[in-house]
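Novice: Here it is: the structure, laid out below.
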Amino acid sequence: LDPFDLMTFSSEAEIRKPHKSLFLSHMSHFGADSNQVVYIGDTFSRDVIGPNSVGIKAIWISDKVAPHPFDGWQVKNLAEAQAVLTTLE
């Protein structure tokens with residue numbers, strides 16, 4: 001599966017992150033379970049809380065301290081995010 005088979009831009013969607021239905025609709029589109037999906041983003045409140053609320057692990061790109069523990073990984077840049085993804089294959 002190409003990692004970019006479906007792209008949704010929150011500025012164009014009727015539903016905005018971190019609303020659960022946005023993440024659930026994408027999983028449904030591919031027939032995927034939350035354990036088959038990883039979400040990558042740089043805003044904790046939208047890109048970590050939202051995916052985690054439906055069981056999706058998140059890769060948070062930031063050099064800040066996380067406001068609380070979360071299900072996923074924290075990295076400093078896209079290269080580190082890619083390294084995490086390769087461990088999941």
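Each chain in the structure tokens gets a letter, A, B, ..., in the order shown, and its residues are numbered from 1; ligands are numbered from 1 in order too.
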Could you pull the residues within 12 Å of A:Pro67, counting only C-alpha atoms, minus those fewer than 4 positions along the same chain, as a ChimeraX atom specification?
Specialist: /A:43-45,48-49,60,62,74
Novice: Quick one: pull the distance between atom CA of A:Thr87 and atom CA of A:Val75, Å, one decimal.
Specialist: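 Value for the atom CA of A:Thr87-atom CA of A:Val75 distance: 13.8 Å.
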Novice: Fewer than 2 positions away in the same chain doesn't count, so skip those; otherwise give me all residues within 9 Å of A:Val54, counting only C-alpha atoms, as a PyMOL selection string.
Specialist: chain A and resi 20-21+23-24+34+50-52+56
Novice: Based on the backbone DSSP call, show me all residues of chain A assigned alpha helix (DSSP H), as an MDAnalysis selection string.
Specialist: chainID A and resid 20:30 44:47 49:53 78:88
Novice: List every residue of stretch 14-89 of chain A that DSSP, applied to the backbone of this structure, places in strand (DSSP E or B), and write the result as a PyMOL selection string.
Specialist: chain A and resi 38-41+57-61+72-75
Novice: Go through A:Glu12, A:Glu80, A:Glu89, A:Asp33 one by one, measure the shortest atom-to-atom distance of each to A:Asp63 using only C-alpha atoms, and give the residue with the smallest value.
Specialist: A:Glu80
Novice: Which of these residues is nearest to A:Asp42, using only C-alpha atoms: A:Ile59, A:Ala79, A:Pro69, A:Met27?
Specialist: A:Ile59
